[in-house]
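Below is one structure, written out as structure tokens, with a few remarks after it.
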Amino acid sequence: MKRVIVDGLLFVLLILLMGFQVLPKPLHEALGVVMGVFVPLHLAWNAKWFSSLGRGAWNVRRIISVVVNIGLTVSFAVALVSGLAIANRLFPGLFGVAWQRSIVAHQAHVAASYWLLIISGLHLGLHWTPLWTRFVRWRGWDVSSMRYHIGVRRAKVAIFIFGVAGSFLHRIGDRLLMKHIFGTAATKLPSPAFLLVLVAIFGLYAIIGQKIETNR
Ligand code: HEM
Ligand code: HEM
């Protein structure tokens, strides 16, 4: 249960941090640091996974999960360190003024954050089936019913369409490539709609991650 709460908090923190424009700037910096505390906690609770890396056979599933976890660690570390370097509210000039003003550090911060959003989506998708099974059992839903299947399919189609549309609206490709972008059509949306665009982009990759997991 503790783990599910931390996983949920990580998700909420990630979306709030990605929705930079929606929050006061000092709060963004504070939440970034909070995420810097929760991720090691999440890793500590999953320590078994690291200790088991040296044992057992290697299959495609294992390789994918290692690549995804390395991607997560690197993108998170770059987002956190570059964030502290460019901080100008709570920790101004922490690494010196040159870093604080560095365009490269700003662009690295944005690119790493968007890589983190996408890879986190894949990561949750790879873990989705057991979490969803527990949730469905708790709700007492009849998984063999037509209603359930239609509901799940509709939700997936909606997330997919909004995720793809949101990726274009928010120019995700350009952000991942470190291009310098100010506003996008998505940032002009009302705050709740902008946050939903970010959730849909995350969800799109979670659907892909779950597909990889179930088709392996
Ligand atoms: C930000 C950096 C993150 C890193 C480095 C990380 C790393 C890991 C590792 C090493 C594991 C165990 C190995 C595995 O089975 O893949 C794991 C499990 C898991 N992670 Fe993450 N993770 C991160 C973020 C997130 C986020 C944002 C979420 C939620 C949206 C999440 C959800 C999960 C879930 C559901 C599991 C399965 C075990 C559990 O419930 O704790 N992780 N993560
Ligand atoms: C790992 C967690 C973090 C994520 C996912 C994240 C994400 C973001 C995003 C998406 C932006 C908006 C970029 C744009 O579209 O222009 C941003 C900007 C910013 N972030 Fe973070 N951030 C994180 C951690 C931090 C930390 C720890 C700090 C400082 C302590 C920080 C400081 C800043 C600053 C100063 C900006 C403004 C950059 C500018 O002026 O262009 N961030 N962050």
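Naming scheme: A, B, ... for chains in displayed order of the structure tokens; residues 1 onward per chain; ligands 1 onward as shown.
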Contacts with ligand 1 at most 9 Å, only C-alpha atoms and all ligand atoms counted, listed as an MDAnalysis selection string: chainID A and resid 1:14 35:36 38:40 42:50 62 65:66 68:77 116:117 119:121 123:128 130:131 202
As an MDAnalysis selection string, please: every protein or nucleic acid residue near ligand 2 (cut-off 7 Å, counting only C-alpha atoms and all ligand atoms). chainID A and resid 14 17:21 28:30 32:33 35:36 76 79:81 83:84 86:88 90:91 106 109:110 113:114 116 181:182
Please save C-alpha atoms of the selected residues as a PDB file, in the first residue's frame.
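Result file again_15.pdb:
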ATOM      1  CA  LEU A  14       5.522  14.653 -12.337  1.00  0.00           C
ATOM      2  CA  LEU A  17       6.208  19.773 -12.468  1.00  0.00           C
ATOM      3  CA  MET A  18       5.580  19.340 -16.192  1.00  0.00           C
ATOM      4  CA  GLY A  19       2.754  21.863 -15.941  1.00  0.00           C
ATOM      5  CA  PHE A  20       5.392  24.473 -15.008  1.00  0.00           C
ATOM      6  CA  GLN A  21       3.264  27.446 -16.175  1.00  0.00           C
ATOM      7  CA  HIS A  28       7.946  24.345  -8.965  1.00  0.00           C
ATOM      8  CA  GLU A  29      11.430  24.422  -7.467  1.00  0.00           C
ATOM      9  CA  ALA A  30      10.167  23.074  -4.118  1.00  0.00           C
ATOM     10  CA  GLY A  32      11.266  19.376  -7.897  1.00  0.00           C
ATOM     11  CA  VAL A  33      13.229  18.883  -4.687  1.00  0.00           C
ATOM     12  CA  MET A  35      10.505  14.578  -6.217  1.00  0.00           C
ATOM     13  CA  GLY A  36      14.254  14.312  -5.584  1.00  0.00           C
ATOM     14  CA  PHE A  76      15.458  12.307 -13.870  1.00  0.00           C
ATOM     15  CA  ALA A  79      16.157  17.249 -14.878  1.00  0.00           C
ATOM     16  CA  LEU A  80      16.973  17.522 -11.170  1.00  0.00           C
ATOM     17  CA  VAL A  81      20.572  18.736 -11.482  1.00  0.00           C
ATOM     18  CA  GLY A  83      16.795  22.398 -12.398  1.00  0.00           C
ATOM     19  CA  LEU A  84      18.996  23.170  -9.377  1.00  0.00           C
ATOM     20  CA  ILE A  86      18.981  27.204 -13.300  1.00  0.00           C
ATOM     21  CA  ALA A  87      16.968  27.785 -10.097  1.00  0.00           C
ATOM     22  CA  ASN A  88      16.272  31.462  -9.573  1.00  0.00           C
ATOM     23  CA  LEU A  90      14.446  29.261  -3.819  1.00  0.00           C
ATOM     24  CA  PHE A  91      18.066  28.445  -4.681  1.00  0.00           C
ATOM     25  CA  HIS A 106      17.722  25.515 -19.623  1.00  0.00           C
ATOM     26  CA  HIS A 109      16.185  20.862 -18.267  1.00  0.00           C
ATOM     27  CA  VAL A 110      13.233  21.028 -20.657  1.00  0.00           C
ATOM     28  CA  SER A 113      11.786  16.648 -18.361  1.00  0.00           C
ATOM     29  CA  TYR A 114       9.913  15.649 -21.519  1.00  0.00           C
ATOM     30  CA  LEU A 116      11.139  11.751 -18.257  1.00  0.00           C
ATOM     31  CA  ILE A 181      10.292  26.972 -27.658  1.00  0.00           C
ATOM     32  CA  PHE A 182       8.332  29.600 -25.733  1.00  0.00           C
TER      33      PHE A 182
END
Using only C-alpha atoms, which protein or nucleic acid residues come within 8 Å of A:Leu122? Drop anything in the same chain fewer than 6 positions from it, and give the result as a list in words. Val68, Tyr205, Ala206, Ile207, Ile208, Gly209 and Gln210 of chain A
Selected residues, C-alpha atoms, written as a PDB file, in the first residue's frame, please.
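This went into again.pdb:
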ATOM      1  CA  VAL A  68      13.520   1.950 -19.465  1.00  0.00           C
ATOM      2  CA  TYR A 205       3.063   5.955 -23.626  1.00  0.00           C
ATOM      3  CA  ALA A 206       1.545   3.948 -20.766  1.00  0.00           C
ATOM      4  CA  ILE A 207      -0.726   2.249 -23.340  1.00  0.00           C
ATOM      5  CA  ILE A 208       2.341   1.492 -25.488  1.00  0.00           C
ATOM      6  CA  GLY A 209       4.211   0.149 -22.420  1.00  0.00           C
ATOM      7  CA  GLN A 210       1.303  -2.098 -21.484  1.00  0.00           C
TER       8      GLN A 210
END
Residues of stretch 40-131 of chain A classed as alpha helix (DSSP H) by DSSP on the backbone are to be reported as a VMD selection string. chain A and resid 40 to 45 47 to 51 60 to 86 97 to 101 103 to 131
Just C-alpha atoms for this one: save the residues we selected as a JSON list (two decimals), in the first residue's frame.
[["chain", "number", "residue", "atom", "x", "y", "z"],
["A", 40, "PRO", "CA", 15.23, 7.47, -4.02],
["A", 41, "LEU", "CA", 12.46, 6.23, -1.68],
["A", 42, "HIS", "CA", 10.78, 4.54, -4.64],
["A", 43, "LEU", "CA", 14.13, 3.02, -5.63],
["A", 44, "ALA", "CA", 14.79, 1.83, -2.07],
["A", 45, "TRP", "CA", 11.41, 0.03, -2.02],
["A", 47, "ALA", "CA", 15.81, -2.51, -4.20],
["A", 48, "LYS", "CA", 15.04, -6.21, -4.73],
["A", 49, "TRP", "CA", 14.91, -5.57, -8.47],
["A", 50, "PHE", "CA", 18.49, -4.26, -8.44],
["A", 51, "SER", "CA", 19.80, -7.15, -6.32],
["A", 60, "VAL", "CA", 13.31, -9.27, -24.10],
["A", 61, "ARG", "CA", 11.04, -8.17, -21.22],
["A", 62, "ARG", "CA", 14.00, -7.87, -18.86],
["A", 63, "ILE", "CA", 16.12, -5.98, -21.38],
["A", 64, "ILE", "CA", 13.26, -3.53, -22.04],
["A", 65, "SER", "CA", 12.73, -2.92, -18.33],
["A", 66, "VAL", "CA", 16.47, -2.32, -17.77],
["A", 67, "VAL", "CA", 16.65, 0.12, -20.73],
["A", 68, "VAL", "CA", 13.52, 1.95, -19.46],
["A", 69, "ASN", "CA", 14.87, 2.14, -15.90],
["A", 70, "ILE", "CA", 18.25, 3.47, -17.10],
["A", 71, "GLY", "CA", 16.40, 6.05, -19.26],
["A", 72, "LEU", "CA", 14.32, 7.06, -16.23],
["A", 73, "THR", "CA", 17.33, 7.43, -13.97],
["A", 74, "VAL", "CA", 19.33, 9.48, -16.49],
["A", 75, "SER", "CA", 16.45, 11.79, -17.50],
["A", 76, "PHE", "CA", 15.46, 12.31, -13.87],
["A", 77, "ALA", "CA", 19.04, 13.05, -12.76],
["A", 78, "VAL", "CA", 19.53, 15.55, -15.62],
["A", 79, "ALA", "CA", 16.16, 17.25, -14.88],
["A", 80, "LEU", "CA", 16.97, 17.52, -11.17],
["A", 81, "VAL", "CA", 20.57, 18.74, -11.48],
["A", 82, "SER", "CA", 19.84, 21.16, -14.37],
["A", 83, "GLY", "CA", 16.79, 22.40, -12.40],
["A", 84, "LEU", "CA", 19.00, 23.17, -9.38],
["A", 85, "ALA", "CA", 21.54, 24.83, -11.71],
["A", 86, "ILE", "CA", 18.98, 27.20, -13.30],
["A", 97, "VAL", "CA", 25.53, 32.67, -12.10],
["A", 98, "ALA", "CA", 27.01, 31.27, -15.33],
["A", 99, "TRP", "CA", 25.04, 28.02, -14.88],
["A", 100, "GLN", "CA", 21.94, 29.88, -13.80],
["A", 101, "ARG", "CA", 21.95, 31.83, -17.07],
["A", 103, "ILE", "CA", 20.87, 28.43, -22.30],
["A", 104, "VAL", "CA", 22.18, 24.87, -22.61],
["A", 105, "ALA", "CA", 21.24, 24.12, -18.98],
["A", 106, "HIS", "CA", 17.72, 25.52, -19.62],
["A", 107, "GLN", "CA", 17.30, 23.47, -22.78],
["A", 108, "ALA", "CA", 18.70, 20.34, -21.09],
["A", 109, "HIS", "CA", 16.19, 20.86, -18.27],
["A", 110, "VAL", "CA", 13.23, 21.03, -20.66],
["A", 111, "ALA", "CA", 14.40, 18.15, -22.89],
["A", 112, "ALA", "CA", 15.20, 15.86, -19.91],
["A", 113, "SER", "CA", 11.79, 16.65, -18.36],
["A", 114, "TYR", "CA", 9.91, 15.65, -21.52],
["A", 115, "TRP", "CA", 12.00, 12.48, -21.89],
["A", 116, "LEU", "CA", 11.14, 11.75, -18.26],
["A", 117, "LEU", "CA", 7.40, 12.22, -18.95],
["A", 118, "ILE", "CA", 7.46, 9.78, -21.87],
["A", 119, "ILE", "CA", 9.71, 7.16, -20.28],
["A", 120, "SER", "CA", 7.67, 7.31, -17.04],
["A", 121, "GLY", "CA", 4.56, 6.59, -19.13],
["A", 122, "LEU", "CA", 6.25, 3.52, -20.64],
["A", 123, "HIS", "CA", 7.46, 2.51, -17.16],
["A", 124, "LEU", "CA", 3.95, 2.66, -15.64],
["A", 125, "GLY", "CA", 2.58, 0.79, -18.68],
["A", 126, "LEU", "CA", 5.04, -2.06, -18.06],
["A", 127, "HIS", "CA", 3.69, -2.33, -14.48],
["A", 128, "TRP", "CA", 0.06, -1.58, -15.28],
["A", 129, "THR", "CA", -1.54, -5.06, -15.44],
["A", 130, "PRO", "CA", -1.04, -6.13, -11.76],
["A", 131, "LEU", "CA", -2.00, -2.65, -10.49]]
Atom CA of A:Pro190 to atom CA of A:Lys156, straight-line distance in Å: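 Computed distance, atom CA of A:Lys156 to atom CA of A:Pro190, equals 23.8 Å.
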What lies within 9 Å of A:Ala200 using only C-alpha atoms, ignoring chain neighbours under 6 positions off, as a ChimeraX atom specification? /A:158-164,166-167
Find the residue from A:Ser102, A:Thr214, A:Phe194, A:Gly203 that sits nearest to A:Ala155; use only C-alpha atoms when measuring.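 Checking each candidate against A:Ala155, we get A:Gly203 as the closest.
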